[in-house]
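S.K.: Sharing model-v3.txt (compact mmCIF, C-alpha atoms) below.
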```txt
# COMPACT_ATOMS: atom_id res chain seq x y z
CA MET A 1 4.69 40.15 51.84
CA PRO A 2 2.18 37.32 51.23
CA ALA A 3 3.46 34.00 49.94
CA PRO A 4 2.72 33.14 46.29
CA PRO A 5 -0.33 30.96 45.78
CA THR A 6 0.17 27.22 45.79
CA THR A 7 -1.20 24.70 43.32
CA LEU A 8 -2.93 21.36 43.64
CA HIS A 9 0.42 19.70 44.33
CA GLY A 10 1.69 22.31 46.74
CA MET A 11 4.10 23.97 44.32
CA SER A 12 4.22 27.72 43.97
CA SER A 13 2.45 28.75 40.78
CA GLU A 14 5.37 31.08 40.14
CA THR A 15 7.79 28.13 39.87
CA GLN A 16 5.63 26.09 37.53
CA SER A 17 6.10 25.97 33.79
CA PRO A 18 3.73 27.94 31.53
CA VAL A 19 1.95 24.72 30.56
CA ARG A 20 1.28 23.70 34.15
CA GLN A 21 0.25 27.24 35.02
CA ALA A 22 -2.29 27.12 32.19
CA ALA A 23 -3.53 23.75 33.46
CA GLN A 24 -3.90 25.18 36.97
CA ARG A 25 -5.92 28.11 35.63
CA ALA A 26 -8.06 25.69 33.66
CA ARG A 27 -8.70 23.68 36.81
CA THR A 28 -9.87 26.80 38.62
CA ALA A 29 -12.12 27.72 35.70
CA ALA A 30 -13.53 24.18 35.53
CA ALA A 31 -14.67 24.39 39.13
CA MET A 32 -16.45 27.66 38.33
CA ILE A 33 -18.31 26.47 35.23
CA ALA A 34 -19.22 22.97 36.40
CA PRO A 35 -22.28 24.08 38.44
CA LEU A 36 -23.52 26.68 35.94
CA PRO A 37 -27.06 26.28 34.59
CA ARG A 38 -27.66 25.55 30.94
CA ALA A 39 -28.76 29.13 30.22
CA ALA A 40 -25.38 30.54 31.22
CA LYS A 41 -23.45 28.08 29.08
CA ASP A 42 -25.76 28.54 26.10
CA ALA A 43 -25.40 32.31 26.32
CA ALA A 44 -21.62 31.91 26.14
CA LEU A 45 -21.91 29.63 23.11
CA LEU A 46 -24.17 32.06 21.27
CA ALA A 47 -21.70 34.84 22.06
CA VAL A 48 -18.95 32.65 20.58
CA ALA A 49 -20.96 32.05 17.40
CA ASP A 50 -21.67 35.75 16.96
CA ALA A 51 -18.03 36.66 17.58
CA LEU A 52 -16.77 34.13 15.04
CA GLN A 53 -18.90 35.66 12.32
CA ALA A 54 -18.15 39.24 13.35
CA ARG A 55 -14.40 38.59 13.34
CA ALA A 56 -14.28 36.15 10.40
CA ALA A 57 -12.02 38.39 8.33
CA GLU A 58 -9.50 38.53 11.17
CA ILE A 59 -9.57 34.72 11.48
CA VAL A 60 -9.22 34.13 7.74
CA ALA A 61 -6.29 36.55 7.56
CA ALA A 62 -4.46 34.66 10.29
CA ASN A 63 -5.27 31.37 8.59
CA ALA A 64 -3.81 32.66 5.33
CA GLU A 65 -0.41 32.85 7.04
CA ASP A 66 -0.61 29.15 7.94
CA VAL A 67 -1.82 28.15 4.48
CA ALA A 68 0.95 30.11 2.75
CA ARG A 69 3.56 28.52 4.97
CA ALA A 70 2.13 25.03 4.34
CA ARG A 71 2.20 25.52 0.57
CA ALA A 72 5.77 26.82 0.74
CA ASP A 73 6.73 23.70 2.68
CA GLY A 74 5.23 21.46 -0.03
CA VAL A 75 2.39 20.11 2.09
CA SER A 76 -0.10 17.93 0.19
CA ASP A 77 -3.34 19.39 -1.12
CA ALA A 78 -5.34 17.14 1.22
CA ILE A 79 -3.60 18.54 4.29
CA VAL A 80 -3.87 22.11 3.00
CA ASP A 81 -7.61 21.56 2.56
CA ARG A 82 -7.90 20.48 6.20
CA LEU A 83 -5.98 23.56 7.27
CA THR A 84 -7.84 26.13 5.18
CA LEU A 85 -10.50 28.46 6.60
CA THR A 86 -12.68 30.69 4.45
CA GLU A 87 -15.38 33.08 5.62
CA GLU A 88 -17.91 30.49 4.45
CA ARG A 89 -16.23 27.78 6.54
CA VAL A 90 -16.06 30.10 9.55
CA ALA A 91 -19.80 30.74 9.15
CA GLY A 92 -20.34 26.99 9.07
CA ILE A 93 -18.31 26.57 12.25
CA ALA A 94 -20.39 29.31 13.92
CA SER A 95 -23.55 27.50 12.84
CA ASP A 96 -22.22 24.31 14.44
CA VAL A 97 -21.69 26.21 17.70
CA ARG A 98 -25.31 27.39 17.60
CA ASP A 99 -26.37 23.79 17.04
CA VAL A 100 -24.47 22.76 20.16
CA ALA A 101 -26.26 25.48 22.14
CA LYS A 102 -29.59 23.95 21.11
CA LEU A 103 -28.67 20.49 22.38
CA PRO A 104 -29.81 19.21 25.78
CA ASP A 105 -27.36 19.79 28.61
CA PRO A 106 -26.10 16.39 29.80
CA VAL A 107 -24.90 17.71 33.17
CA GLY A 108 -27.26 16.68 35.96
CA GLU A 109 -29.01 14.03 33.87
CA VAL A 110 -30.00 11.05 36.01
CA VAL A 111 -28.55 7.96 34.37
CA ARG A 112 -30.28 5.62 36.79
CA GLY A 113 -31.91 5.83 40.17
CA SER A 114 -33.70 3.74 42.73
CA THR A 115 -34.79 3.56 46.34
CA LEU A 116 -32.86 0.95 48.27
CA PRO A 117 -34.56 -1.39 50.77
CA ASN A 118 -33.19 0.70 53.63
CA GLY A 119 -34.88 3.81 52.25
CA LEU A 120 -31.78 5.46 50.77
CA GLU A 121 -32.51 7.26 47.51
CA LEU A 122 -29.78 6.49 45.00
CA ARG A 123 -29.15 8.57 41.87
CA GLN A 124 -26.33 8.30 39.35
CA VAL A 125 -25.97 11.71 37.67
CA ARG A 126 -23.81 13.08 34.89
CA VAL A 127 -21.05 15.51 35.88
CA PRO A 128 -18.31 17.25 33.86
CA LEU A 129 -14.98 15.50 33.41
CA GLY A 130 -13.17 18.66 34.57
CA VAL A 131 -10.16 19.74 32.51
CA VAL A 132 -10.02 18.22 29.03
CA GLY A 133 -6.84 18.46 26.98
CA ILE A 134 -7.10 18.16 23.20
CA ILE A 135 -3.97 17.40 21.14
CA TYR A 136 -4.69 17.66 17.43
CA GLU A 137 -3.17 18.26 14.04
CA GLY A 138 -3.76 20.97 11.42
CA ARG A 139 -7.53 21.33 11.47
CA PRO A 140 -8.36 24.68 13.09
CA ASN A 141 -12.10 23.93 13.10
CA VAL A 142 -11.32 21.44 15.88
CA THR A 143 -10.35 24.40 18.05
CA VAL A 144 -13.90 25.72 18.04
CA ASP A 145 -15.66 22.34 18.02
CA ALA A 146 -13.71 21.20 21.08
CA ALA A 147 -14.23 24.44 22.96
CA ALA A 148 -17.98 24.48 22.26
CA LEU A 149 -18.55 20.92 23.37
CA CYS A 150 -16.40 21.31 26.47
CA LEU A 151 -18.16 24.52 27.51
CA LYS A 152 -21.61 23.02 26.98
CA SER A 153 -20.68 19.99 29.10
CA GLY A 154 -19.22 22.16 31.86
CA ASN A 155 -15.56 21.40 31.20
CA ALA A 156 -12.53 23.63 30.78
CA VAL A 157 -10.41 22.87 27.72
CA LEU A 158 -6.69 23.08 26.97
CA LEU A 159 -6.11 23.18 23.21
CA ARG A 160 -2.82 22.01 21.71
CA GLY A 161 -3.03 22.21 17.94
CA SER A 162 -0.14 21.69 15.56
CA SER A 163 2.41 24.38 14.83
CA SER A 164 1.17 24.36 11.22
CA ALA A 165 -2.07 25.99 12.39
CA TYR A 166 -0.60 28.18 15.13
CA ALA A 167 -1.65 31.54 13.69
CA SER A 168 -5.18 30.27 13.02
CA ASN A 169 -5.56 28.74 16.46
CA THR A 170 -4.17 31.81 18.19
CA ALA A 171 -6.74 34.01 16.43
CA LEU A 172 -9.59 31.60 17.11
CA VAL A 173 -8.79 31.23 20.81
CA ALA A 174 -8.56 35.00 21.20
CA VAL A 175 -12.06 35.29 19.74
CA LEU A 176 -13.35 32.47 21.94
CA ARG A 177 -11.90 33.87 25.15
CA ASP A 178 -13.25 37.36 24.49
CA ALA A 179 -16.72 35.95 23.77
CA VAL A 180 -16.71 33.69 26.84
CA ALA A 181 -15.65 36.58 29.06
CA SER A 182 -18.35 38.83 27.57
CA ALA A 183 -20.94 36.26 28.66
CA GLY A 184 -19.66 36.30 32.24
CA LEU A 185 -17.78 33.00 32.20
CA PRO A 186 -14.08 32.67 33.10
CA PRO A 187 -12.01 33.06 29.91
CA ASP A 188 -9.53 30.51 31.24
CA ALA A 189 -12.14 27.87 30.49
CA VAL A 190 -10.67 28.03 26.97
CA GLN A 191 -6.88 28.19 26.61
CA LEU A 192 -4.28 27.52 23.96
CA VAL A 193 -1.47 25.48 25.49
CA PRO A 194 1.65 27.68 25.60
CA GLY A 195 4.50 26.80 23.27
CA GLN A 196 4.88 25.30 19.83
CA GLY A 197 7.59 22.74 20.53
CA ARG A 198 7.19 19.09 21.43
CA GLU A 199 8.14 19.79 25.03
CA SER A 200 4.80 21.54 25.62
CA VAL A 201 2.96 18.45 24.34
CA HIS A 202 4.97 16.16 26.60
CA GLU A 203 4.33 18.42 29.56
CA LEU A 204 0.60 18.37 28.89
CA MET A 205 0.70 14.58 28.69
CA ARG A 206 2.31 14.47 32.14
CA ALA A 207 0.03 16.96 33.89
CA ARG A 208 -1.76 14.21 35.78
CA GLY A 209 -3.77 15.69 38.64
CA LEU A 210 -4.26 18.95 36.77
CA VAL A 211 -5.66 17.56 33.50
CA ASP A 212 -8.40 14.94 33.84
CA VAL A 213 -8.36 13.46 30.36
CA LEU A 214 -6.54 13.86 27.04
CA ILE A 215 -8.13 13.35 23.64
CA PRO A 216 -5.72 13.09 20.67
CA ARG A 217 -7.04 13.81 17.18
CA GLY A 218 -4.87 13.20 14.15
CA GLY A 219 -2.75 10.60 12.44
CA ALA A 220 -1.73 7.22 13.76
CA GLY A 221 1.68 8.47 14.91
CA LEU A 222 0.24 11.26 17.05
CA ILE A 223 -2.37 9.02 18.61
CA ARG A 224 0.13 6.25 19.36
CA THR A 225 2.53 8.73 20.99
CA VAL A 226 -0.17 10.16 23.27
CA VAL A 227 -1.52 6.74 24.24
CA GLU A 228 1.92 5.30 24.99
CA GLU A 229 3.57 8.28 26.69
CA SER A 230 0.77 10.04 28.59
CA THR A 231 0.33 9.69 32.33
CA VAL A 232 -3.02 11.49 31.97
CA PRO A 233 -5.93 9.17 31.07
CA VAL A 234 -6.51 9.11 27.29
CA ILE A 235 -9.62 8.64 25.19
CA GLU A 236 -8.21 7.21 21.99
CA THR A 237 -9.53 8.49 18.69
CA GLY A 238 -8.49 6.48 15.69
CA THR A 239 -7.47 6.84 12.10
CA GLY A 240 -10.10 6.16 9.48
CA ASN A 241 -9.20 3.16 7.32
CA CYS A 242 -12.85 2.71 6.30
CA HIS A 243 -14.28 0.05 3.97
CA VAL A 244 -17.22 -0.31 1.58
CA TYR A 245 -18.32 -3.88 0.88
CA VAL A 246 -20.51 -4.50 -2.19
CA ASP A 247 -22.39 -7.72 -1.49
CA GLU A 248 -23.56 -10.26 -4.07
CA HIS A 249 -27.12 -9.05 -3.44
CA ALA A 250 -26.31 -5.35 -3.84
CA ASP A 251 -28.24 -2.88 -5.96
CA LEU A 252 -25.32 -1.93 -8.21
CA ASP A 253 -26.67 1.52 -9.02
CA LEU A 254 -26.85 2.25 -5.31
CA ALA A 255 -23.47 0.66 -4.71
CA GLU A 256 -21.82 2.92 -7.28
CA LYS A 257 -23.32 6.05 -5.72
CA ILE A 258 -22.38 5.02 -2.18
CA LEU A 259 -18.83 4.13 -3.21
CA VAL A 260 -18.18 7.42 -5.00
CA ASN A 261 -19.75 9.46 -2.20
CA SER A 262 -17.84 7.58 0.50
CA LYS A 263 -14.52 8.11 -1.29
CA ALA A 264 -14.71 11.34 -3.24
CA GLN A 265 -17.23 13.65 -1.54
CA ARG A 266 -14.38 14.85 0.72
CA PRO A 267 -11.43 12.48 0.72
CA SER A 268 -9.32 14.30 3.30
CA VAL A 269 -11.50 13.37 6.30
CA CYS A 270 -11.36 10.30 8.53
CA ASN A 271 -14.78 8.91 7.52
CA ALA A 272 -13.91 8.76 3.82
CA ALA A 273 -13.67 5.23 2.41
CA GLU A 274 -10.16 3.94 1.77
CA THR A 275 -10.94 0.40 0.54
CA VAL A 276 -13.72 -1.14 -1.54
CA LEU A 277 -14.41 -4.88 -1.44
CA VAL A 278 -16.64 -6.50 -4.05
CA HIS A 279 -18.21 -9.97 -3.95
CA GLN A 280 -16.95 -12.11 -6.83
CA ALA A 281 -20.51 -12.87 -7.93
CA VAL A 282 -21.06 -9.26 -9.02
CA ALA A 283 -17.47 -8.34 -9.87
CA ASP A 284 -17.83 -8.73 -13.65
CA ALA A 285 -20.83 -6.41 -13.66
CA PHE A 286 -19.68 -3.92 -11.04
CA LEU A 287 -15.95 -3.41 -11.57
CA PRO A 288 -16.13 -1.74 -15.01
CA ARG A 289 -18.78 0.77 -13.91
CA ALA A 290 -17.03 1.40 -10.58
CA LEU A 291 -13.75 2.06 -12.39
CA ARG A 292 -15.38 4.54 -14.75
CA ALA A 293 -17.19 6.31 -11.90
CA LEU A 294 -14.06 6.52 -9.77
CA GLU A 295 -11.99 7.76 -12.70
CA ALA A 296 -14.60 10.46 -13.39
CA ALA A 297 -14.31 11.51 -9.75
CA GLY A 298 -10.52 11.74 -10.05
CA VAL A 299 -9.82 8.66 -7.90
CA THR A 300 -6.82 6.39 -8.50
CA VAL A 301 -7.49 2.71 -7.79
CA HIS A 302 -4.89 0.48 -6.14
CA GLY A 303 -6.37 -2.95 -6.82
CA ASP A 304 -5.77 -6.67 -6.68
CA ASP A 305 -5.31 -8.78 -9.81
CA ALA A 306 -9.04 -8.79 -10.59
CA TRP A 307 -9.22 -4.99 -10.49
CA VAL A 308 -6.03 -4.64 -12.56
CA LYS A 309 -7.48 -6.98 -15.19
CA ALA A 310 -10.81 -5.13 -15.21
CA GLY A 311 -8.99 -1.82 -15.50
CA ALA A 312 -7.03 -3.02 -18.53
CA ALA A 313 -10.25 -4.14 -20.21
CA ALA A 314 -11.96 -0.81 -19.45
CA GLY A 315 -8.99 1.35 -20.42
CA VAL A 316 -8.52 2.61 -16.85
CA GLU A 317 -5.14 2.40 -15.14
CA VAL A 318 -5.18 0.42 -11.90
CA ARG A 319 -2.08 0.20 -9.74
CA LEU A 320 -1.38 -3.21 -8.25
CA ALA A 321 -2.06 -3.11 -4.51
CA ASP A 322 0.07 -4.59 -1.75
CA ASP A 323 -0.23 -4.83 2.04
CA GLU A 324 0.75 -1.20 2.44
CA ASP A 325 -2.30 -0.17 0.41
CA TRP A 326 -4.67 -2.27 2.53
CA ALA A 327 -3.26 -0.59 5.66
CA THR A 328 -3.23 2.98 4.36
CA GLU A 329 -5.49 5.86 5.31
CA TYR A 330 -4.92 7.76 2.08
CA LEU A 331 -6.83 10.96 2.87
CA SER A 332 -6.56 11.64 -0.87
CA TYR A 333 -8.13 10.66 -4.18
CA ASP A 334 -6.83 7.09 -3.87
CA ILE A 335 -8.61 3.89 -2.92
CA ALA A 336 -7.58 0.27 -2.43
CA ALA A 337 -9.80 -2.35 -4.07
CA ALA A 338 -10.21 -6.12 -3.93
CA VAL A 339 -12.59 -8.86 -5.01
CA VAL A 340 -13.61 -11.29 -2.24
CA ARG A 341 -15.20 -14.72 -2.43
CA SER A 342 -17.83 -14.18 0.26
CA LEU A 343 -19.20 -11.87 2.90
CA ASP A 344 -17.13 -13.72 5.49
CA ASP A 345 -13.98 -13.08 3.44
CA ALA A 346 -14.88 -9.39 3.33
CA VAL A 347 -15.28 -9.38 7.11
CA ALA A 348 -11.95 -11.17 7.52
CA HIS A 349 -10.23 -8.53 5.37
CA ILE A 350 -11.85 -5.74 7.37
CA ARG A 351 -10.94 -7.31 10.70
CA ARG A 352 -7.30 -7.55 9.60
CA TRP A 353 -6.85 -4.10 8.09
CA SER A 354 -9.54 -1.80 9.49
CA SER A 355 -8.76 0.87 12.05
CA GLY A 356 -12.15 0.22 13.68
CA HIS A 357 -13.72 3.45 12.50
CA THR A 358 -16.53 2.89 9.93
CA GLU A 359 -17.47 0.14 7.51
CA ALA A 360 -20.38 -0.01 5.05
CA VAL A 361 -22.24 -2.87 3.39
CA VAL A 362 -24.38 -2.45 0.29
CA THR A 363 -26.94 -5.25 0.01
CA ARG A 364 -30.65 -5.93 -0.51
CA ASP A 365 -30.42 -9.10 1.62
CA THR A 366 -31.44 -8.35 5.20
CA GLY A 367 -29.77 -11.55 6.39
CA ALA A 368 -26.46 -10.46 4.85
CA ALA A 369 -26.83 -7.01 6.40
CA ARG A 370 -27.48 -8.53 9.83
CA ARG A 371 -24.49 -10.86 9.55
CA PHE A 372 -22.19 -8.05 8.42
CA THR A 373 -23.24 -5.73 11.25
CA ALA A 374 -22.89 -8.56 13.79
CA LEU A 375 -19.41 -9.62 12.67
CA VAL A 376 -17.75 -6.29 11.90
CA ASP A 377 -16.15 -4.84 15.03
CA SER A 378 -15.97 -1.12 14.28
CA ALA A 379 -17.35 1.98 15.96
CA ALA A 380 -19.94 2.49 13.20
CA VAL A 381 -21.40 0.13 10.61
CA MET A 382 -23.47 1.50 7.72
CA VAL A 383 -26.06 -0.49 5.79
CA ASN A 384 -26.79 0.94 2.33
CA ALA A 385 -25.37 4.33 3.31
CA SER A 386 -22.16 6.28 2.85
CA THR A 387 -19.33 6.03 5.37
CA ARG A 388 -19.37 9.85 5.37
CA PHE A 389 -22.28 9.83 7.82
CA THR A 390 -20.10 8.86 10.78
CA ASP A 391 -20.01 12.33 12.21
CA GLY A 392 -21.32 14.00 15.34
CA ALA A 393 -23.33 16.59 13.44
CA GLU A 394 -24.81 13.98 11.09
CA PHE A 395 -25.79 11.83 14.07
CA GLY A 396 -27.52 14.80 15.65
CA PHE A 397 -24.91 15.26 18.38
CA GLY A 398 -23.78 18.70 17.22
CA ALA A 399 -20.09 19.19 16.47
CA GLU A 400 -18.05 16.23 17.69
CA ILE A 401 -14.84 16.33 19.67
CA GLY A 402 -13.56 13.22 17.92
CA ILE A 403 -14.49 9.73 16.83
CA SER A 404 -13.37 7.20 19.38
CA THR A 405 -12.25 3.81 18.13
CA GLN A 406 -11.60 2.41 21.59
CA LYS A 407 -14.10 0.40 23.63
CA LEU A 408 -13.92 2.07 27.05
CA HIS A 409 -16.14 4.99 28.10
CA ALA A 410 -16.83 6.31 24.60
CA ARG A 411 -16.98 4.77 21.12
CA GLY A 412 -17.86 6.42 17.83
CA PRO A 413 -18.65 10.14 17.45
CA MET A 414 -18.10 11.81 20.82
CA GLY A 415 -20.82 14.29 21.63
CA LEU A 416 -21.82 15.89 24.89
CA PRO A 417 -22.62 12.81 27.02
CA GLU A 418 -19.19 11.37 26.22
CA LEU A 419 -17.61 14.47 27.80
CA THR A 420 -19.14 13.68 31.16
CA SER A 421 -18.50 11.22 33.94
CA THR A 422 -20.98 10.28 36.65
CA LYS A 423 -21.23 10.45 40.39
CA TYR A 424 -23.65 8.89 42.84
CA VAL A 425 -25.85 11.11 44.97
CA VAL A 426 -27.28 9.21 47.93
CA THR A 427 -29.99 10.85 50.03
CA GLY A 428 -31.12 9.47 53.35
CA ASP A 429 -32.96 10.46 56.49
CA GLY A 430 -30.55 9.21 59.13
CA GLN A 431 -29.76 5.66 57.98
CA LEU A 432 -26.69 4.16 59.66
CA LYS A 433 -24.62 1.23 58.49
CA GLY A 434 -25.20 -1.94 60.46
CA GLN A 435 -28.64 -0.97 61.75
```
Could the structure of this file be written out as structure tokens, please?
M.R.:
Amino acid sequence: MPAPPTTLHGMSSETQSPVRQAAQRARTAAAMIAPLPRAAKDAALLAVADALQARAAEIVAANAEDVARARADGVSDAIVDRLTLTEERVAGIASDVRDVAKLPDPVGEVVRGSTLPNGLELRQVRVPLGVVGIIYEGRPNVTVDAAALCLKSGNAVLLRGSSSAYASNTALVAVLRDAVASAGLPPDAVQLVPGQGRESVHELMRARGLVDVLIPRGGAGLIRTVVEESTVPVIETGTGNCHVYVDEHADLDLAEKILVNSKAQRPSVCNAAETVLVHQAVADAFLPRALRALEAAGVTVHGDDAWVKAGAAAGVEVRLADDEDWATEYLSYDIAAAVVRSLDDAVAHIRRWSSGHTEAVVTRDTGAARRFTALVDSAAVMVNASTRFTDGAEFGFGAEIGISTQKLHARGPMGLPELTSTKYVVTGDGQLKGQ
């Protein structure tokens, strides 16, 4: 009787846990899809998009189980909104997958190249990372976004969503695997990590040698846990404590529109504004109109003394803010607000409290805009534009796998190039070292 197959580390696959077995299958699939041409990967993505729309009712029905359970558990409306899928949202997700299929394939791109003095031809080319693990909270659209971007960049993906979205993710991954297989690619290129308990997450974080990189997406607690406890390399995505600064030279009509859009267009996402800072020179003119506009949008202001005073004068309730408010990613119809003495004071506030995601300045002074963008150390800085534009699709990258707030390898919206590494290909005609 033949011996059971062994894994990368010499262990029998039959003695490994379900999580490590899934990682081993993903590693095998990654080796199969890495050399595939763009046409093969695009065909699989288009099959995925078609399958999502064809099976939308099935997906929405599974999602309804998760939504009902979340409501019964008293989950906030903001979190329920993140969790919810409708047929319209599924169609939008399918459209995002088609957009990814249209994007250039980064694999094989020559990053730099030269001919050395000894005649060796040197090329640095993009290659897939290999097996990418995604640990994320209750946003089932991430399941498809991550799979699409990983497939396009030649990677296999292990998806570990939260238990709150388990039914949704199970249905989505079933659709994805069927579509990938129908296009002739290994279905194990897309897998849901087995198990719903924390032990499966910890096992994934310790699958070094089988998983090449982990990308956490979610709240600060999840991200901190993965960064601190994982033995697998981690690309850190951050929470979105984003700021809008209204400069003394701002167009106040524009500032009002940008503020309301940044906060209220969809408050439950990481690129929504959580704090507004206003230069004292325009505070008397701007605060009353900002308060009225935010109140009309359903936003509660947590402000400093100046905002509380302005609220009392305007007949709008403002809650007095403290340090917890400055540090909070609300993800709801709430915003912290302060008046600052100068642009430099605004920058100092942002540097202390920001999560390094996105900040915006509203100003007609190009010098102020340049200074703000030079001093603010965040992944994205907007000038006279909403914070809501920090997004892979908005940047033309297709659906993003996350927004990195770290400074190594990838920063900001992570599209296809950020899901690759590089290797050097050196071509000679017999050169020998030392001759």
S.K.: Which residues, written as a list in words, have at least one atom at most 10 Å from Ser200 of chain A, with all atoms listed in the file counted and residues fewer than 3 positions away on the same chain left out?
M.R.: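 The residues that qualify are Ser17, Pro18, Val19, Arg20, Arg160, Val193, Pro194, Gly195, Gln196, Gly197, Glu203, Leu204, Met205 and Arg206 of chain A.
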S.K.: From the options A:Pro413, A:Thr170, A:His279, A:Leu176, which residue's atoms come nearest to Leu192 of chain A, counting all atoms listed in the file?
M.R.: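 Closest to Leu192 of chain A, using all atoms listed in the file: A:Thr170.
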S.K.: I'd like to know which of A:Val301, A:Val316, A:Leu375, A:Ala148 is closest to Pro288 of chain A, using all atoms listed in the file.
M.R.: A:Val316
S.K.: Neighbours of Ala23 of chain A within 8 Å (only C-alpha atoms; same-chain residues fewer than 2 positions away dropped), as a VMD selection string?
M.R.: chain A and resid 19 to 21 25 to 27 131 158 207 210 to 211
S.K.: Need to verify the contact set: Glu324 of chain A, 12 Å, only C-alpha atoms, exclusion of same-chain residues closer than 2 positions in sequence. Can you return it as a VMD selection string?
M.R.: chain A and resid 241 275 302 to 303 320 to 322 326 to 330 335 to 336 353
